[in-house]
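Participant: For reference, this is structure23.txt, and it has compact mmCIF, C-alpha atoms.
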```txt
# COMPACT_ATOMS: atom_id res chain seq x y z
CA MET A 1 96.21 109.96 110.94
CA LYS A 2 95.77 106.21 110.98
CA PRO A 3 98.38 104.42 113.09
CA GLU A 4 100.88 102.20 111.38
CA ASN A 5 99.61 98.64 111.12
CA ALA A 6 102.17 96.31 112.59
CA ASN A 7 100.47 93.34 110.94
CA ALA A 8 100.38 94.81 107.45
CA THR A 9 101.57 92.60 104.62
CA THR A 10 103.30 95.43 102.79
CA PRO A 11 106.64 94.17 101.42
CA ARG A 12 109.70 95.10 103.44
CA SER A 13 112.56 97.20 102.14
CA GLY A 14 114.52 95.25 99.55
CA GLU A 15 111.58 93.10 98.39
CA TRP A 16 110.37 95.56 95.76
CA ALA A 17 112.94 94.44 93.20
CA GLU A 18 111.26 91.04 93.36
CA ARG A 19 107.79 92.28 92.43
CA PRO A 20 107.56 91.71 88.64
CA GLU A 21 103.78 92.13 88.77
CA LEU A 22 104.38 95.79 89.65
CA GLU A 23 107.19 96.39 87.18
CA ARG A 24 105.98 94.43 84.16
CA GLY A 25 102.31 93.66 84.69
CA ASN A 26 100.23 92.51 81.75
CA ALA A 27 97.79 94.97 80.21
CA THR A 28 94.91 92.97 81.70
CA ASP A 29 96.36 93.62 85.16
CA ARG A 30 96.24 97.39 84.72
CA LYS A 31 93.13 98.59 86.48
CA PRO A 32 92.03 102.19 85.88
CA MET A 33 92.70 104.54 88.78
CA PRO A 34 90.71 107.75 89.34
CA GLU A 35 92.25 111.19 89.41
CA PRO A 36 92.90 112.47 92.92
CA PRO A 37 90.24 114.85 94.21
CA PRO A 38 91.48 118.44 94.60
CA ALA A 39 90.51 118.39 98.28
CA LEU A 40 93.14 115.68 98.91
CA LEU A 41 95.86 118.33 98.96
CA GLY A 42 94.30 120.56 101.61
CA ALA A 43 95.33 118.64 104.74
CA ALA A 44 98.24 116.78 103.13
CA SER A 45 101.78 116.26 104.17
CA LEU A 46 102.98 116.16 100.59
CA PHE A 47 105.90 113.99 99.48
CA LEU A 48 107.05 114.34 95.90
CA ASP A 49 109.29 112.28 93.66
CA PHE A 50 111.36 114.42 91.28
CA ASP A 51 112.21 112.90 87.87
CA GLY A 52 109.09 111.80 86.00
CA THR A 53 106.83 113.51 88.55
CA LEU A 54 107.87 117.17 88.79
CA ILE A 55 110.14 117.25 85.74
CA GLU A 56 110.23 115.21 82.55
CA ILE A 57 112.83 112.45 82.40
CA ALA A 58 115.76 113.45 80.20
CA GLU A 59 118.14 111.37 78.11
CA ARG A 60 120.81 112.01 80.74
CA PRO A 61 120.33 112.81 84.45
CA ASP A 62 122.41 115.98 84.07
CA ALA A 63 120.26 117.29 81.20
CA VAL A 64 117.20 118.27 83.27
CA THR A 65 116.08 121.79 84.09
CA VAL A 66 113.59 123.21 86.58
CA SER A 67 111.00 125.43 84.92
CA ALA A 68 109.81 128.76 86.32
CA ARG A 69 106.38 127.13 86.57
CA LEU A 70 107.66 124.39 88.87
CA ALA A 71 109.56 126.92 90.98
CA ARG A 72 106.34 128.91 91.49
CA VAL A 73 104.36 125.79 92.35
CA MET A 74 106.90 124.70 94.97
CA GLN A 75 106.98 128.16 96.56
CA ARG A 76 103.19 128.26 96.81
CA LEU A 77 103.01 124.72 98.19
CA LEU A 78 105.47 125.53 100.95
CA VAL A 79 103.31 128.45 102.03
CA GLY A 80 99.92 126.83 101.49
CA LEU A 81 100.81 123.59 103.30
CA GLU A 82 102.70 125.42 106.05
CA GLY A 83 105.96 123.64 105.27
CA ARG A 84 104.50 120.13 104.94
CA VAL A 85 106.27 119.46 101.62
CA ALA A 86 109.33 117.31 100.92
CA VAL A 87 110.98 115.89 97.83
CA ILE A 88 112.06 112.23 98.00
CA SER A 89 114.24 111.34 95.03
CA GLY A 90 116.62 108.72 93.75
CA ARG A 91 119.07 111.50 93.00
CA PRO A 92 121.59 112.71 95.58
CA ALA A 93 119.92 115.16 97.98
CA GLU A 94 122.45 117.91 97.29
CA GLN A 95 121.85 117.64 93.55
CA VAL A 96 118.07 118.00 93.92
CA GLY A 97 118.56 120.97 96.22
CA ALA A 98 120.79 122.69 93.67
CA LEU A 99 118.25 122.12 90.89
CA LEU A 100 115.30 123.42 92.90
CA GLY A 101 117.16 126.30 94.52
CA GLN A 102 114.62 126.56 97.34
CA PRO A 103 114.62 125.66 101.06
CA ILE A 104 112.59 122.49 100.58
CA PRO A 105 113.25 119.40 102.72
CA ILE A 106 114.90 116.76 100.52
CA VAL A 107 115.58 113.08 100.98
CA GLY A 108 117.86 111.62 98.31
CA SER A 109 119.22 108.24 97.26
CA HIS A 110 115.81 106.50 97.28
CA GLY A 111 115.16 107.44 100.91
CA LEU A 112 118.60 106.72 102.35
CA GLU A 113 120.02 110.25 102.42
CA PHE A 114 118.41 112.96 104.55
CA GLY A 115 119.71 116.28 103.29
CA GLY A 116 120.22 119.68 104.89
CA ASP A 117 118.39 120.22 108.17
CA LEU A 118 117.03 116.65 107.93
CA ALA A 119 120.51 115.15 108.36
CA ARG A 120 119.83 114.67 112.07
CA LEU A 121 117.25 112.00 111.13
CA GLY A 122 119.87 109.60 109.89
CA LYS A 123 123.13 109.49 108.04
CA GLY A 124 124.16 106.22 106.44
CA SER A 125 127.55 105.22 105.16
CA ARG A 126 128.56 104.37 101.63
CA PRO A 127 129.20 100.61 101.29
CA PRO A 128 132.86 99.98 100.40
CA ALA A 129 131.68 97.40 97.84
CA LEU A 130 130.39 100.22 95.65
CA VAL A 131 133.99 100.87 94.58
CA GLU A 132 134.06 97.50 92.83
CA ALA A 133 130.51 97.91 91.57
CA LEU A 134 131.39 101.27 90.04
CA ALA A 135 134.44 99.79 88.33
CA ALA A 136 132.44 96.87 86.93
CA MET A 137 129.70 99.14 85.57
CA ARG A 138 132.24 101.49 84.02
CA ALA A 139 133.92 98.51 82.35
CA LEU A 140 130.60 97.52 80.80
CA ALA A 141 129.99 101.11 79.67
CA ASP A 142 133.43 101.16 78.04
CA ARG A 143 132.29 98.26 75.88
CA ARG A 144 128.88 99.85 75.24
CA PRO A 145 129.42 103.62 74.91
CA ASP A 146 125.68 104.41 74.88
CA LEU A 147 125.39 103.27 78.49
CA LEU A 148 125.67 105.88 81.22
CA VAL A 149 127.09 105.18 84.68
CA GLU A 150 125.85 107.36 87.52
CA ASP A 151 127.80 107.36 90.79
CA LYS A 152 125.68 108.32 93.81
CA PRO A 153 126.39 108.67 97.54
CA PHE A 154 124.78 105.30 98.34
CA GLY A 155 124.60 103.53 94.99
CA VAL A 156 125.75 103.14 91.41
CA ALA A 157 123.33 103.14 88.49
CA LEU A 158 123.49 101.99 84.88
CA HIS A 159 121.23 103.96 82.52
CA TYR A 160 120.39 102.20 79.26
CA ARG A 161 117.86 104.69 77.86
CA GLN A 162 120.08 105.27 74.83
CA CYS A 163 120.82 101.54 74.47
CA PRO A 164 117.64 99.55 75.29
CA ALA A 165 119.13 96.38 73.83
CA ALA A 166 121.59 96.30 76.75
CA GLU A 167 118.87 95.95 79.38
CA ALA A 168 119.36 92.25 80.03
CA GLU A 169 123.14 92.62 80.28
CA CYS A 170 122.82 95.57 82.67
CA ARG A 171 120.36 93.73 84.88
CA ALA A 172 122.50 90.61 84.96
CA LEU A 173 125.54 92.61 86.05
CA ALA A 174 123.59 94.44 88.75
CA GLU A 175 122.17 91.20 90.12
CA GLU A 176 125.61 89.59 90.16
CA LEU A 177 127.17 92.55 91.97
CA ALA A 178 124.34 92.71 94.50
CA ALA A 179 124.57 89.00 95.29
CA ARG A 180 128.34 89.12 95.63
CA HIS A 181 128.51 92.19 97.86
CA GLY A 182 125.26 92.20 99.81
CA LEU A 183 123.87 95.21 97.97
CA GLN A 184 120.28 95.87 96.94
CA VAL A 185 119.11 95.87 93.33
CA GLN A 186 116.96 98.92 92.54
CA PRO A 187 115.22 98.78 89.16
CA GLY A 188 113.79 101.90 87.57
CA LYS A 189 112.79 103.40 84.25
CA MET A 190 115.48 102.43 81.75
CA MET A 191 118.02 102.02 84.55
CA ILE A 192 119.23 99.51 87.09
CA GLU A 193 121.07 100.37 90.28
CA VAL A 194 122.89 98.62 93.08
CA ARG A 195 122.72 100.48 96.36
CA ALA A 196 123.05 100.23 100.10
CA PRO A 197 120.29 98.12 101.65
CA GLY A 198 118.10 99.10 104.56
CA GLY A 199 115.82 101.90 103.44
CA ASP A 200 113.53 103.18 100.70
CA LYS A 201 111.08 105.97 99.99
CA GLY A 202 108.55 104.31 102.28
CA THR A 203 110.87 104.30 105.28
CA ALA A 204 111.69 107.95 104.55
CA ILE A 205 108.00 108.89 104.61
CA ARG A 206 107.46 106.99 107.87
CA THR A 207 110.41 108.84 109.42
CA LEU A 208 109.24 112.27 108.26
CA MET A 209 105.68 111.61 109.43
CA ARG A 210 107.00 111.43 113.00
CA GLU A 211 108.39 114.93 112.67
CA THR A 212 106.96 118.45 112.84
CA PRO A 213 105.32 119.79 110.69
CA PHE A 214 104.60 116.60 108.72
CA ALA A 215 102.95 114.83 111.67
CA GLN A 216 100.16 117.42 111.52
CA GLY A 217 99.04 116.27 108.06
CA THR A 218 97.92 113.19 106.14
CA PRO A 219 100.60 111.65 103.88
CA VAL A 220 100.18 111.99 100.14
CA PHE A 221 102.99 110.73 97.92
CA MET A 222 103.32 111.39 94.19
CA GLY A 223 105.65 109.28 92.06
CA ASP A 224 106.00 107.60 88.71
CA ASP A 225 108.37 104.65 88.96
CA LEU A 226 108.81 101.27 90.61
CA THR A 227 111.15 102.98 93.06
CA ASP A 228 108.11 104.90 94.34
CA GLU A 229 106.00 101.86 95.26
CA PRO A 230 107.29 101.69 98.86
CA GLY A 231 106.23 105.33 99.20
CA PHE A 232 102.73 104.55 97.96
CA ALA A 233 102.52 101.69 100.45
CA ALA A 234 103.70 103.81 103.38
CA ALA A 235 101.28 106.63 102.58
CA ALA A 236 98.38 104.19 102.49
CA ASP A 237 99.46 102.42 105.69
CA LEU A 238 99.55 105.78 107.48
CA GLY A 239 96.04 106.75 106.39
CA GLY A 240 96.91 108.68 103.25
CA ALA A 241 97.25 107.86 99.56
CA GLY A 242 99.64 107.46 96.68
CA ILE A 243 99.29 109.18 93.31
CA LEU A 244 100.85 107.46 90.30
CA VAL A 245 102.11 109.89 87.66
CA GLY A 246 102.17 108.49 84.13
CA GLU A 247 100.67 105.58 82.29
CA THR A 248 98.41 103.08 84.03
CA ARG A 249 100.31 100.09 85.40
CA PRO A 250 100.01 97.72 88.35
CA SER A 251 100.64 99.89 91.40
CA LEU A 252 99.88 100.35 95.07
CA ALA A 253 98.85 103.96 94.38
CA ARG A 254 95.16 104.84 94.80
CA TYR A 255 95.03 107.64 92.24
CA ARG A 256 96.67 108.51 88.93
CA LEU A 257 97.59 111.58 86.91
CA GLY A 258 98.57 111.31 83.25
CA GLY A 259 102.06 112.79 83.41
CA VAL A 260 104.23 115.64 84.62
CA ALA A 261 102.02 118.32 83.07
CA ALA A 262 98.92 116.83 84.71
CA ALA A 263 100.74 116.58 88.05
CA LEU A 264 101.75 120.24 87.97
CA ALA A 265 98.24 121.27 86.94
CA TRP A 266 96.74 119.31 89.85
CA LEU A 267 99.16 120.88 92.31
CA GLU A 268 98.39 124.34 90.93
CA SER A 269 94.67 123.67 91.26
CA GLY A 270 95.08 122.57 94.86
CA VAL A 271 97.11 125.67 95.71
CA ALA A 272 94.50 127.88 94.06
CA GLN A 273 91.81 126.29 96.23
CA GLY A 274 93.66 127.21 99.37
CA ALA A 275 96.02 124.30 100.07
```
Any chance you could give the structure as structure tokens?

Facilitator:
Amino acid sequence: MKPENANATTPRSGEWAERPELERGNATDRKPMPEPPPALLGAASLFLDFDGTLIEIAERPDAVTVSARLARVMQRLLVGLEGRVAVISGRPAEQVGALLGQPIPIVGSHGLEFGGDLARLGKGSRPPALVEALAAMRALADRRPDLLVEDKPFGVALHYRQCPAAEAECRALAEELAARHGLQVQPGKMMIEVRAPGGDKGTAIRTLMRETPFAQGTPVFMGDDLTDEPGFAAAADLGGAGILVGETRPSLARYRLGGVAAALAWLESGVAQGA
């Protein structure tokens, strides 16, 4: 595994919300990325985003289901990679664990919340300012019923998937709340969140890669959203690679798969080849 480069120019935690070239790059900026080779999985320490990577994004966060196919894939990955598999999600860790129903290491809240047996690696505290942020977002949702407010252990999110016209208003509110209370703005697919600062999916990967059994592998991170870019950067810095799931866009990932179905098929193929 390549040692972490102390002089790397990778953006620090909190700077990703200020990278419009990643979030909204022009079509001319979107360079084709190859599919990951099947052999990439063999020696991997595999880190997986959840929504948009392992399951399709639903209209509401509580409307998702885990298919029998995904359950089988996760079981086989745990065995084939000798435990070097973890899910790193923007959802609360407990919620992801309940959906998967398997003893898989989980880091929730965009890398801030180490769940289950990983809790010894760090336990943050919920910023008191989220009380006011939650109230402000709920007030906006009262005026725009198609908006959905999601309260999380370390953040509050506004989902505007059912009301795309409210995007600018949601973003403006999030930016105002973050500036007033020292919170971090976390943009995502059809959502905007304010959350505790100080960590992301990249810092979570770096932490896990210092632990057994992950330290025995090469980091590979699969994700679909802007929230996953720190994870792609960390995997690359540590000698591994990122895999973007979904449409081509500006990204720090090295490889790309077309969507959730393609991601599951690639994982299945790797398992079949002895991962």

Participant: Taking only C-alpha atoms into account, which of A:Val194, A:Ala262, A:Ala93, A:Ala39 comes nearest A:Val131?

Facilitator: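 Nearest candidate to A:Val131 out of A:Val194, A:Ala262, A:Ala93, A:Ala39: A:Val194.
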
Participant: What is the atom CA of A:Pro164 to atom CA of A:Pro61 distance in Å?

Facilitator: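 The value is 16.3 Å.
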
Participant: Any idea what's packed within 9 Å of A:Lys189, counting all atoms listed in the file, ignoring anything in its chain fewer than 2 positions away? Could you give it as a ChimeraX atom specification?

Facilitator: /A:159,161,187,191-192,225-227

Participant: Quick check, in Å to one decimal: how far apart do atom CA of A:Asp117 and atom CA of A:Thr218 lie?

Facilitator: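 A separation of 21.7 Å between them.
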
Participant: Go through A:Arg84, A:Glu35, A:Leu99, A:Arg171 one by one, measure the shortest atom-to-atom distance of each to A:Val66 using all atoms listed in the file, and give the residue with the smallest value.

Facilitator: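 Looking only at the distances to A:Val66, the closest residue turns out to be A:Leu99.
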
Participant: Which one is closest to A:Lys152: A:Leu112, A:Cys170, A:Leu118, A:Val85? Count all atoms listed in the file.

Facilitator: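 Checking each candidate against A:Lys152, we get A:Leu112 as the closest.
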
Participant: Figure out the distance between atom CA of A:Thr65 and atom CA of A:Met190, please, to one decimal in Å.

Facilitator: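 These atoms are spaced 19.5 Å apart.
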